[in-house]
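*Asks:* Structure file my_file-v2.pdb (PDB, C-alpha atoms, pLDDT in the B column) is given on the next line.
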ATOM      1  CA  MET P   1     -78.469   5.068  17.547  1.00 41.00           C
ATOM      2  CA  THR P   2     -79.189   8.691  16.674  1.00 45.00           C
ATOM      3  CA  ASP P   3     -80.933   9.511  13.419  1.00 49.00           C
ATOM      4  CA  PRO P   4     -78.451  11.508  11.278  1.00 47.00           C
ATOM      5  CA  VAL P   5     -81.211  13.928  10.236  1.00 45.00           C
ATOM      6  CA  THR P   6     -81.577  15.184  13.813  1.00 45.00           C
ATOM      7  CA  THR P   7     -77.958  16.305  13.993  1.00 68.00           C
ATOM      8  CA  ILE P   8     -78.492  19.360  11.785  1.00 84.00           C
ATOM      9  CA  THR P   9     -78.603  22.382  14.083  1.00 88.00           C
ATOM     10  CA  ALA P  10     -80.847  25.417  13.838  1.00 90.00           C
ATOM     11  CA  SER P  11     -77.770  27.481  13.031  1.00 90.00           C
ATOM     12  CA  ALA P  12     -76.839  25.222  10.109  1.00 89.00           C
ATOM     13  CA  ILE P  13     -80.437  25.262   8.868  1.00 90.00           C
ATOM     14  CA  ALA P  14     -80.555  29.069   9.020  1.00 91.00           C
ATOM     15  CA  SER P  15     -77.245  29.277   7.142  1.00 88.00           C
ATOM     16  CA  LEU P  16     -78.605  27.027   4.392  1.00 88.00           C
ATOM     17  CA  ALA P  17     -81.856  28.975   4.150  1.00 89.00           C
ATOM     18  CA  PHE P  18     -80.031  32.292   3.732  1.00 89.00           C
ATOM     19  CA  GLN P  19     -77.191  30.956   1.573  1.00 86.00           C
ATOM     20  CA  LYS P  20     -78.265  32.919  -1.499  1.00 83.00           C
ATOM     21  CA  PHE P  21     -78.079  36.147   0.507  1.00 83.00           C
ATOM     22  CA  ILE P  22     -74.713  35.213   1.980  1.00 77.00           C
ATOM     23  CA  ASP P  23     -73.226  34.259  -1.429  1.00 64.00           C
ATOM     24  CA  SER P  24     -74.796  37.252  -3.131  1.00 58.00           C
ATOM     25  CA  ALA P  25     -72.250  37.391  -5.948  1.00 54.00           C
ATOM     26  CA  ALA P  26     -73.874  36.287  -9.181  1.00 48.00           C
ATOM     27  CA  GLY P  27     -73.271  32.644  -9.882  1.00 65.00           C
ATOM     28  CA  GLU P  28     -71.480  31.859  -6.614  1.00 70.00           C
ATOM     29  CA  LEU P  29     -74.393  29.840  -5.263  1.00 72.00           C
ATOM     30  CA  ALA P  30     -74.671  27.857  -8.492  1.00 73.00           C
ATOM     31  CA  LYS P  31     -71.008  26.880  -8.138  1.00 75.00           C
ATOM     32  CA  LYS P  32     -71.686  25.343  -4.717  1.00 80.00           C
ATOM     33  CA  PHE P  33     -75.152  23.777  -5.003  1.00 83.00           C
ATOM     34  CA  SER P  34     -77.250  21.968  -7.588  1.00 83.00           C
ATOM     35  CA  THR P  35     -80.348  23.605  -9.072  1.00 85.00           C
ATOM     36  CA  GLU P  36     -82.581  21.298  -7.023  1.00 88.00           C
ATOM     37  CA  ALA P  37     -80.780  22.224  -3.798  1.00 86.00           C
ATOM     38  CA  ILE P  38     -81.159  25.942  -4.546  1.00 85.00           C
ATOM     39  CA  ALA P  39     -84.890  25.449  -5.141  1.00 89.00           C
ATOM     40  CA  LYS P  40     -85.169  23.637  -1.794  1.00 91.00           C
ATOM     41  CA  MET P  41     -83.420  26.572  -0.097  1.00 90.00           C
ATOM     42  CA  ASP P  42     -86.343  28.754  -1.167  1.00 90.00           C
ATOM     43  CA  ILE P  43     -88.793  26.237   0.308  1.00 93.00           C
ATOM     44  CA  LEU P  44     -86.776  26.112   3.525  1.00 93.00           C
ATOM     45  CA  LEU P  45     -86.727  29.898   3.761  1.00 92.00           C
ATOM     46  CA  LYS P  46     -90.505  30.138   3.226  1.00 94.00           C
ATOM     47  CA  ARG P  47     -91.130  27.595   5.995  1.00 94.00           C
ATOM     48  CA  ILE P  48     -88.898  29.510   8.380  1.00 93.00           C
ATOM     49  CA  TRP P  49     -90.570  32.833   7.572  1.00 93.00           C
ATOM     50  CA  SER P  50     -94.057  31.378   8.018  1.00 92.00           C
ATOM     51  CA  LYS P  51     -93.155  29.842  11.390  1.00 93.00           C
ATOM     52  CA  LEU P  52     -91.348  32.888  12.767  1.00 92.00           C
ATOM     53  CA  SER P  53     -93.558  35.634  11.306  1.00 89.00           C
ATOM     54  CA  GLY P  54     -94.970  38.155  13.729  1.00 89.00           C
ATOM     55  CA  LYS P  55     -91.892  38.360  15.930  1.00 89.00           C
ATOM     56  CA  PRO P  56     -90.624  41.984  15.868  1.00 89.00           C
ATOM     57  CA  ARG P  57     -86.923  41.158  15.429  1.00 89.00           C
ATOM     58  CA  ILE P  58     -87.656  38.635  12.679  1.00 89.00           C
ATOM     59  CA  GLU P  59     -89.864  41.140  10.835  1.00 90.00           C
ATOM     60  CA  GLU P  60     -87.097  43.745  11.115  1.00 90.00           C
ATOM     61  CA  VAL P  61     -84.539  41.366   9.588  1.00 88.00           C
ATOM     62  CA  LYS P  62     -87.004  40.378   6.862  1.00 90.00           C
ATOM     63  CA  THR P  63     -87.664  44.025   5.965  1.00 90.00           C
ATOM     64  CA  THR P  64     -83.924  44.733   5.795  1.00 88.00           C
ATOM     65  CA  LEU P  65     -83.391  41.630   3.686  1.00 86.00           C
ATOM     66  CA  ASP P  66     -86.153  42.661   1.265  1.00 87.00           C
ATOM     67  CA  LYS P  67     -84.522  46.077   0.839  1.00 89.00           C
ATOM     68  CA  THR P  68     -80.860  45.095   0.597  1.00 86.00           C
ATOM     69  CA  ALA P  69     -80.900  41.401  -0.447  1.00 84.00           C
ATOM     70  CA  LYS P  70     -78.031  40.909   2.014  1.00 85.00           C
ATOM     71  CA  ILE P  71     -77.854  39.401   5.464  1.00 86.00           C
ATOM     72  CA  THR P  72     -75.147  39.677   8.091  1.00 87.00           C
ATOM     73  CA  PRO P  73     -73.821  36.764  10.132  1.00 87.00           C
ATOM     74  CA  GLU P  74     -75.289  38.434  13.238  1.00 90.00           C
ATOM     75  CA  GLN P  75     -78.747  38.463  11.653  1.00 90.00           C
ATOM     76  CA  VAL P  76     -78.420  34.786  10.692  1.00 90.00           C
ATOM     77  CA  ASN P  77     -77.472  34.030  14.309  1.00 91.00           C
ATOM     78  CA  GLN P  78     -80.503  35.951  15.601  1.00 91.00           C
ATOM     79  CA  ILE P  79     -82.820  34.033  13.314  1.00 92.00           C
ATOM     80  CA  ALA P  80     -81.127  30.770  14.319  1.00 93.00           C
ATOM     81  CA  ALA P  81     -81.870  31.533  17.983  1.00 93.00           C
ATOM     82  CA  TYR P  82     -85.578  32.060  17.255  1.00 93.00           C
ATOM     83  CA  LEU P  83     -85.541  29.010  15.010  1.00 94.00           C
ATOM     84  CA  GLN P  84     -84.043  26.844  17.758  1.00 94.00           C
ATOM     85  CA  VAL P  85     -86.881  27.796  20.105  1.00 94.00           C
ATOM     86  CA  ALA P  86     -89.481  27.050  17.413  1.00 93.00           C
ATOM     87  CA  MET P  87     -87.837  23.693  16.694  1.00 93.00           C
ATOM     88  CA  ASP P  88     -87.776  22.817  20.397  1.00 94.00           C
ATOM     89  CA  GLU P  89     -91.483  23.686  20.730  1.00 94.00           C
ATOM     90  CA  ASP P  90     -92.566  21.854  17.564  1.00 93.00           C
ATOM     91  CA  PRO P  91     -90.669  18.582  16.939  1.00 92.00           C
ATOM     92  CA  SER P  92     -92.645  17.923  13.752  1.00 93.00           C
ATOM     93  CA  PHE P  93     -91.536  21.276  12.337  1.00 94.00           C
ATOM     94  CA  ALA P  94     -87.965  20.532  13.443  1.00 92.00           C
ATOM     95  CA  GLN P  95     -87.972  17.139  11.713  1.00 92.00           C
ATOM     96  CA  ASP P  96     -89.401  18.678   8.536  1.00 92.00           C
ATOM     97  CA  LEU P  97     -86.676  21.338   8.425  1.00 93.00           C
ATOM     98  CA  GLN P  98     -83.923  18.859   9.191  1.00 92.00           C
ATOM     99  CA  VAL P  99     -85.002  16.545   6.372  1.00 92.00           C
ATOM    100  CA  LEU P 100     -85.126  19.490   3.973  1.00 92.00           C
ATOM    101  CA  ALA P 101     -81.694  20.697   5.132  1.00 91.00           C
ATOM    102  CA  GLN P 102     -80.266  17.217   4.641  1.00 91.00           C
ATOM    103  CA  GLU P 103     -81.641  17.173   1.079  1.00 89.00           C
ATOM    104  CA  ILE P 104     -80.030  20.560   0.422  1.00 88.00           C
ATOM    105  CA  ASN P 105     -76.699  19.321   1.794  1.00 83.00           C
ATOM    106  CA  ALA P 106     -76.980  16.296  -0.494  1.00 84.00           C
ATOM    107  CA  GLY P 107     -77.135  18.769  -3.406  1.00 79.00           C
ATOM    108  CA  LYS P 108     -73.785  20.348  -2.593  1.00 76.00           C
ATOM    109  CA  LEU P 109     -71.478  20.253  -5.572  1.00 69.00           C
ATOM    110  CA  ILE P 110     -68.083  18.704  -5.011  1.00 67.00           C
ATOM    111  CA  ASP P 111     -65.102  20.669  -6.225  1.00 61.00           C
ATOM    112  CA  GLN P 112     -63.540  18.445  -8.881  1.00 61.00           C
ATOM    113  CA  SER P 113     -60.954  20.966 -10.039  1.00 66.00           C
ATOM    114  CA  THR P 114     -57.321  19.956 -10.131  1.00 70.00           C
ATOM    115  CA  MET P 115     -54.368  21.631  -8.529  1.00 70.00           C
ATOM    116  CA  THR P 116     -50.896  21.691 -10.083  1.00 73.00           C
ATOM    117  CA  GLN P 117     -47.729  22.591  -8.299  1.00 72.00           C
ATOM    118  CA  THR P 118     -44.103  22.490  -9.401  1.00 74.00           C
ATOM    119  CA  ASN P 119     -41.404  22.423  -6.731  1.00 71.00           C
ATOM    120  CA  TYR P 120     -37.737  23.020  -7.435  1.00 73.00           C
ATOM    121  CA  ASP P 121     -34.584  22.499  -5.360  1.00 74.00           C
ATOM    122  CA  ASN P 122     -36.074  19.784  -3.108  1.00 74.00           C
ATOM    123  CA  ALA P 123     -38.643  22.232  -1.785  1.00 71.00           C
ATOM    124  CA  LYS P 124     -41.733  20.937  -0.013  1.00 73.00           C
ATOM    125  CA  GLY P 125     -45.145  22.030  -1.094  1.00 71.00           C
ATOM    126  CA  TRP P 126     -48.625  21.136   0.098  1.00 70.00           C
ATOM    127  CA  GLN P 127     -51.927  21.777  -1.552  1.00 66.00           C
ATOM    128  CA  THR P 128     -55.311  21.208  -0.015  1.00 67.00           C
ATOM    129  CA  LYS P 129     -58.934  22.051  -0.538  1.00 66.00           C
ATOM    130  CA  VAL P 130     -60.813  22.642   2.675  1.00 63.00           C
ATOM    131  CA  GLU P 131     -64.489  23.382   3.152  1.00 61.00           C
ATOM    132  CA  GLY P 132     -65.055  24.215   6.774  1.00 59.00           C
ATOM    133  CA  GLY P 133     -63.088  22.832   9.660  1.00 62.00           C
ATOM    134  CA  THR P 134     -59.370  23.081  10.260  1.00 68.00           C
ATOM    135  CA  ALA P 135     -56.628  22.059   7.860  1.00 69.00           C
ATOM    136  CA  TYR P 136     -53.273  21.112   9.303  1.00 69.00           C
ATOM    137  CA  ILE P 137     -50.854  21.544   6.428  1.00 71.00           C
ATOM    138  CA  GLY P 138     -47.162  20.820   6.246  1.00 68.00           C
ATOM    139  CA  ASP P 139     -44.772  19.273   8.706  1.00 70.00           C
ATOM    140  CA  ILE P 140     -46.370  19.321  12.111  1.00 66.00           C
ATOM    141  CA  ASN P 141     -43.984  18.838  14.992  1.00 69.00           C
ATOM    142  CA  ILE P 142     -45.371  18.680  18.490  1.00 68.00           C
ATOM    143  CA  HIS P 143     -42.835  18.802  21.288  1.00 72.00           C
ATOM    144  CA  ASN P 144     -44.143  17.973  24.719  1.00 74.00           C
ATOM    145  CA  THR P 145     -42.155  18.355  27.845  1.00 73.00           C
ATOM    146  CA  PRO P 146     -43.033  16.154  30.789  1.00 74.00           C
ATOM    147  CA  PRO P 147     -44.760  17.982  33.612  1.00 72.00           C
ATOM    148  CA  THR P 148     -42.544  18.881  36.508  1.00 74.00           C
ATOM    149  CA  THR P 149     -43.525  17.770  39.988  1.00 72.00           C
ATOM    150  CA  PRO P 150     -43.010  20.241  42.821  1.00 66.00           C
TER     151      PRO P 150
END
Kindly transcribe the structure held in the file into structure tokens.
*Replies:*
Amino acid sequence: MTDPVTTITASAIASLAFQKFIDSAAGELAKKFSTEAIAKMDILLKRIWSKLSGKPRIEEVKTTLDKTAKITPEQVNQIAAYLQVAMDEDPSFAQDLQVLAQEINAGKLIDQSTMTQTNYDNAKGWQTKVEGGTAYIGDINIHNTPPTTP
């Protein structure tokens, strides 16, 4: 049986570490994560920087981040690639980051808001809250035709 901690990818870890730069709008991060989780994001980011420091591309991204306080998805992907290599080379480091990322994910705040909808004239209406993944909403009709044989 696989340990659930090991299933967190380098890409997911990088996204968590840079979450405050991705959700740069004031208060957006606090709406999604607990205070403890946000504090652990800083720890995660410091561990990533210390492990990857000295690599020219990483230093370039770090300098840009220090100036603008924003990060692009492409930059997160670049860091994730370097991070994956570092995690492959150092399993202890990988385990440490994965545990920390799991603790951050445990601090995600669940949206408890309600949704109200009024439908008139026998209309159908669907409401859903989706965080990641694909939502299939409404009547889904799949019509398959049998394959024809030549």
*Asks:* If I take atom CA of Glu60 of chain P and atom CA of Ile104 of chain P, how far is one from the other in Å, to one decimal?
*Replies:*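 The value is 26.5 Å.
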*Asks:* Provide the atom CA of Lys62 of chain P to atom CA of Met41 of chain P distance in Å, to one decimal place.
*Replies:*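 Going from atom CA of Lys62 of chain P over to atom CA of Met41 of chain P, I get 15.9 Å.
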*Asks:* Residues near segment 15-21 of chain P, anyone? I mean within 6 Å using only C-alpha atoms, not counting same-chain ones fewer than 3 positions away, as number ranges by chain.
*Replies:* P: 12, 24, 41, 44-45, 70-71
*Asks:* Leaving out segment 90-102 of chain P and any residue of its chain fewer than 5 positions from it, which residues lie within 10 Å of it when counting all atoms listed in the file, given as a JSON list (two decimals) with C-alpha atoms, in the frame of the given file?
*Replies:*
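What ended up in around_30.json:
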[["chain", "number", "residue", "atom", "x", "y", "z"],
["P", 4, "PRO", "CA", -78.45, 11.51, 11.28],
["P", 5, "VAL", "CA", -81.21, 13.93, 10.24],
["P", 6, "THR", "CA", -81.58, 15.18, 13.81],
["P", 7, "THR", "CA", -77.96, 16.30, 13.99],
["P", 8, "ILE", "CA", -78.49, 19.36, 11.78],
["P", 9, "THR", "CA", -78.60, 22.38, 14.08],
["P", 10, "ALA", "CA", -80.85, 25.42, 13.84],
["P", 12, "ALA", "CA", -76.84, 25.22, 10.11],
["P", 13, "ILE", "CA", -80.44, 25.26, 8.87],
["P", 14, "ALA", "CA", -80.56, 29.07, 9.02],
["P", 15, "SER", "CA", -77.24, 29.28, 7.14],
["P", 16, "LEU", "CA", -78.60, 27.03, 4.39],
["P", 17, "ALA", "CA", -81.86, 28.98, 4.15],
["P", 37, "ALA", "CA", -80.78, 22.22, -3.80],
["P", 40, "LYS", "CA", -85.17, 23.64, -1.79],
["P", 41, "MET", "CA", -83.42, 26.57, -0.10],
["P", 43, "ILE", "CA", -88.79, 26.24, 0.31],
["P", 44, "LEU", "CA", -86.78, 26.11, 3.52],
["P", 45, "LEU", "CA", -86.73, 29.90, 3.76],
["P", 47, "ARG", "CA", -91.13, 27.60, 6.00],
["P", 48, "ILE", "CA", -88.90, 29.51, 8.38],
["P", 51, "LYS", "CA", -93.16, 29.84, 11.39],
["P", 83, "LEU", "CA", -85.54, 29.01, 15.01],
["P", 84, "GLN", "CA", -84.04, 26.84, 17.76],
["P", 85, "VAL", "CA", -86.88, 27.80, 20.10],
["P", 107, "GLY", "CA", -77.14, 18.77, -3.41]]
*Asks:* Have a look at atom CA of Ile38 of chain P and atom CA of Asp66 of chain P and let me know their distance in Å, one decimal.
*Replies:*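 Spanning atom CA of Ile38 of chain P to atom CA of Asp66 of chain P is a straight-line distance of 18.4 Å.
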*Asks:* Could you tell me which of P:Lys108, P:Gln75, P:Asn144, P:Met87 comes closest to Thr35 of chain P if we count only C-alpha atoms?
*Replies:*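 Of P:Lys108, P:Gln75, P:Asn144, P:Met87, the one nearest Thr35 of chain P is P:Lys108, counting only C-alpha atoms.
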*Asks:* May I ask which of the residues P:Asp139, P:Ser11, P:Lys55, P:Thr63 is the closest one to Asn77 of chain P, counting all atoms listed in the file?
*Replies:* P:Ser11
*Asks:* Find the spatial neighbours of Arg57 of chain P, counting only C-alpha atoms, within a cut-off of 9 Å - ignore same-chain residues fewer than 4 positions away - and output them as a PyMOL selection string.
*Replies:* chain P and resi 61-62+78-79
*Asks:* Would you put the residues from that selection into a file with C-alpha atoms, as an mmCIF file, in the frame of the given file?
*Replies:*
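This went into part_23.cif:
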data_model
loop_
_atom_site.group_PDB
_atom_site.id
_atom_site.type_symbol
_atom_site.label_atom_id
_atom_site.label_comp_id
_atom_site.auth_asym_id
_atom_site.auth_seq_id
_atom_site.Cartn_x
_atom_site.Cartn_y
_atom_site.Cartn_z
ATOM 1 C CA VAL P 61 -84.539 41.366 9.588
ATOM 2 C CA LYS P 62 -87.004 40.378 6.862
ATOM 3 C CA GLN P 78 -80.503 35.951 15.601
ATOM 4 C CA ILE P 79 -82.820 34.033 13.314
#
*Asks:* Please supply segment 26-56 of chain P, rebuilt with N, CA and C atoms, as a PDB file, keeping the file's coordinate frame.
*Replies:*
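And here is the file that came out, part_30.pdb:
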ATOM      1  N   ALA P  26     -73.172  37.032  -8.136  1.00 48.00           N
ATOM      2  CA  ALA P  26     -73.874  36.287  -9.181  1.00 48.00           C
ATOM      3  C   ALA P  26     -73.135  35.013  -9.530  1.00 48.00           C
ATOM      4  N   GLY P  27     -73.837  33.919  -9.479  1.00 65.00           N
ATOM      5  CA  GLY P  27     -73.271  32.644  -9.882  1.00 65.00           C
ATOM      6  C   GLY P  27     -72.526  31.891  -8.797  1.00 65.00           C
ATOM      7  N   GLU P  28     -72.227  32.537  -7.678  1.00 70.00           N
ATOM      8  CA  GLU P  28     -71.480  31.859  -6.614  1.00 70.00           C
ATOM      9  C   GLU P  28     -72.271  30.698  -6.027  1.00 70.00           C
ATOM     10  N   LEU P  29     -73.562  30.893  -5.833  1.00 72.00           N
ATOM     11  CA  LEU P  29     -74.393  29.840  -5.263  1.00 72.00           C
ATOM     12  C   LEU P  29     -74.481  28.646  -6.207  1.00 72.00           C
ATOM     13  N   ALA P  30     -74.574  28.928  -7.501  1.00 73.00           N
ATOM     14  CA  ALA P  30     -74.671  27.857  -8.492  1.00 73.00           C
ATOM     15  C   ALA P  30     -73.379  27.040  -8.583  1.00 73.00           C
ATOM     16  N   LYS P  31     -72.272  27.617  -8.143  1.00 75.00           N
ATOM     17  CA  LYS P  31     -71.008  26.880  -8.138  1.00 75.00           C
ATOM     18  C   LYS P  31     -70.938  25.898  -6.968  1.00 75.00           C
ATOM     19  N   LYS P  32     -71.753  26.151  -5.931  1.00 80.00           N
ATOM     20  CA  LYS P  32     -71.686  25.343  -4.717  1.00 80.00           C
ATOM     21  C   LYS P  32     -72.813  24.328  -4.583  1.00 80.00           C
ATOM     22  N   PHE P  33     -73.978  24.624  -5.187  1.00 83.00           N
ATOM     23  CA  PHE P  33     -75.152  23.777  -5.003  1.00 83.00           C
ATOM     24  C   PHE P  33     -75.825  23.479  -6.334  1.00 83.00           C
ATOM     25  N   SER P  34     -76.493  22.336  -6.396  1.00 83.00           N
ATOM     26  CA  SER P  34     -77.250  21.968  -7.588  1.00 83.00           C
ATOM     27  C   SER P  34     -78.507  22.839  -7.689  1.00 83.00           C
ATOM     28  N   THR P  35     -79.127  22.837  -8.851  1.00 85.00           N
ATOM     29  CA  THR P  35     -80.348  23.605  -9.072  1.00 85.00           C
ATOM     30  C   THR P  35     -81.454  23.152  -8.128  1.00 85.00           C
ATOM     31  N   GLU P  36     -81.556  21.837  -7.911  1.00 88.00           N
ATOM     32  CA  GLU P  36     -82.581  21.298  -7.023  1.00 88.00           C
ATOM     33  C   GLU P  36     -82.354  21.770  -5.586  1.00 88.00           C
ATOM     34  N   ALA P  37     -81.098  21.784  -5.158  1.00 86.00           N
ATOM     35  CA  ALA P  37     -80.780  22.224  -3.798  1.00 86.00           C
ATOM     36  C   ALA P  37     -81.118  23.700  -3.614  1.00 86.00           C
ATOM     37  N   ILE P  38     -80.852  24.513  -4.626  1.00 85.00           N
ATOM     38  CA  ILE P  38     -81.159  25.942  -4.546  1.00 85.00           C
ATOM     39  C   ILE P  38     -82.676  26.144  -4.460  1.00 85.00           C
ATOM     40  N   ALA P  39     -83.434  25.358  -5.209  1.00 89.00           N
ATOM     41  CA  ALA P  39     -84.890  25.449  -5.141  1.00 89.00           C
ATOM     42  C   ALA P  39     -85.392  25.056  -3.748  1.00 89.00           C
ATOM     43  N   LYS P  40     -84.765  24.068  -3.139  1.00 91.00           N
ATOM     44  CA  LYS P  40     -85.169  23.637  -1.794  1.00 91.00           C
ATOM     45  C   LYS P  40     -84.794  24.681  -0.748  1.00 91.00           C
ATOM     46  N   MET P  41     -83.769  25.484  -1.012  1.00 90.00           N
ATOM     47  CA  MET P  41     -83.420  26.572  -0.097  1.00 90.00           C
ATOM     48  C   MET P  41     -84.566  27.572  -0.011  1.00 90.00           C
ATOM     49  N   ASP P  42     -85.200  27.839  -1.161  1.00 90.00           N
ATOM     50  CA  ASP P  42     -86.343  28.754  -1.167  1.00 90.00           C
ATOM     51  C   ASP P  42     -87.495  28.186  -0.343  1.00 90.00           C
ATOM     52  N   ILE P  43     -87.736  26.893  -0.470  1.00 93.00           N
ATOM     53  CA  ILE P  43     -88.793  26.237   0.308  1.00 93.00           C
ATOM     54  C   ILE P  43     -88.467  26.321   1.797  1.00 93.00           C
ATOM     55  N   LEU P  44     -87.220  26.047   2.133  1.00 93.00           N
ATOM     56  CA  LEU P  44     -86.776  26.112   3.525  1.00 93.00           C
ATOM     57  C   LEU P  44     -86.974  27.513   4.089  1.00 93.00           C
ATOM     58  N   LEU P  45     -86.588  28.517   3.319  1.00 92.00           N
ATOM     59  CA  LEU P  45     -86.727  29.898   3.761  1.00 92.00           C
ATOM     60  C   LEU P  45     -88.195  30.262   3.978  1.00 92.00           C
ATOM     61  N   LYS P  46     -89.069  29.845   3.074  1.00 94.00           N
ATOM     62  CA  LYS P  46     -90.505  30.138   3.226  1.00 94.00           C
ATOM     63  C   LYS P  46     -91.071  29.488   4.479  1.00 94.00           C
ATOM     64  N   ARG P  47     -90.646  28.273   4.779  1.00 94.00           N
ATOM     65  CA  ARG P  47     -91.130  27.595   5.995  1.00 94.00           C
ATOM     66  C   ARG P  47     -90.650  28.298   7.248  1.00 94.00           C
ATOM     67  N   ILE P  48     -89.427  28.778   7.221  1.00 93.00           N
ATOM     68  CA  ILE P  48     -88.898  29.510   8.380  1.00 93.00           C
ATOM     69  C   ILE P  48     -89.651  30.813   8.565  1.00 93.00           C
ATOM     70  N   TRP P  49     -89.847  31.567   7.474  1.00 93.00           N
ATOM     71  CA  TRP P  49     -90.570  32.833   7.572  1.00 93.00           C
ATOM     72  C   TRP P  49     -91.986  32.611   8.096  1.00 93.00           C
ATOM     73  N   SER P  50     -92.663  31.588   7.592  1.00 92.00           N
ATOM     74  CA  SER P  50     -94.057  31.378   8.018  1.00 92.00           C
ATOM     75  C   SER P  50     -94.130  30.995   9.497  1.00 92.00           C
ATOM     76  N   LYS P  51     -93.150  30.248   9.980  1.00 93.00           N
ATOM     77  CA  LYS P  51     -93.155  29.842  11.390  1.00 93.00           C
ATOM     78  C   LYS P  51     -92.786  30.995  12.315  1.00 93.00           C
ATOM     79  N   LEU P  52     -91.862  31.836  11.892  1.00 92.00           N
ATOM     80  CA  LEU P  52     -91.348  32.888  12.767  1.00 92.00           C
ATOM     81  C   LEU P  52     -91.997  34.251  12.533  1.00 92.00           C
ATOM     82  N   SER P  53     -92.944  34.333  11.611  1.00 89.00           N
ATOM     83  CA  SER P  53     -93.558  35.634  11.306  1.00 89.00           C
ATOM     84  C   SER P  53     -94.284  36.179  12.533  1.00 89.00           C
ATOM     85  N   GLY P  54     -94.302  37.488  12.624  1.00 89.00           N
ATOM     86  CA  GLY P  54     -94.970  38.155  13.729  1.00 89.00           C
ATOM     87  C   GLY P  54     -94.034  38.550  14.859  1.00 89.00           C
ATOM     88  N   LYS P  55     -92.856  37.999  14.890  1.00 89.00           N
ATOM     89  CA  LYS P  55     -91.892  38.360  15.930  1.00 89.00           C
ATOM     90  C   LYS P  55     -91.163  39.632  15.466  1.00 89.00           C
ATOM     91  N   PRO P  56     -91.156  40.686  16.301  1.00 89.00           N
ATOM     92  CA  PRO P  56     -90.624  41.984  15.868  1.00 89.00           C
ATOM     93  C   PRO P  56     -89.212  41.921  15.281  1.00 89.00           C
TER      94      PRO P  56
END
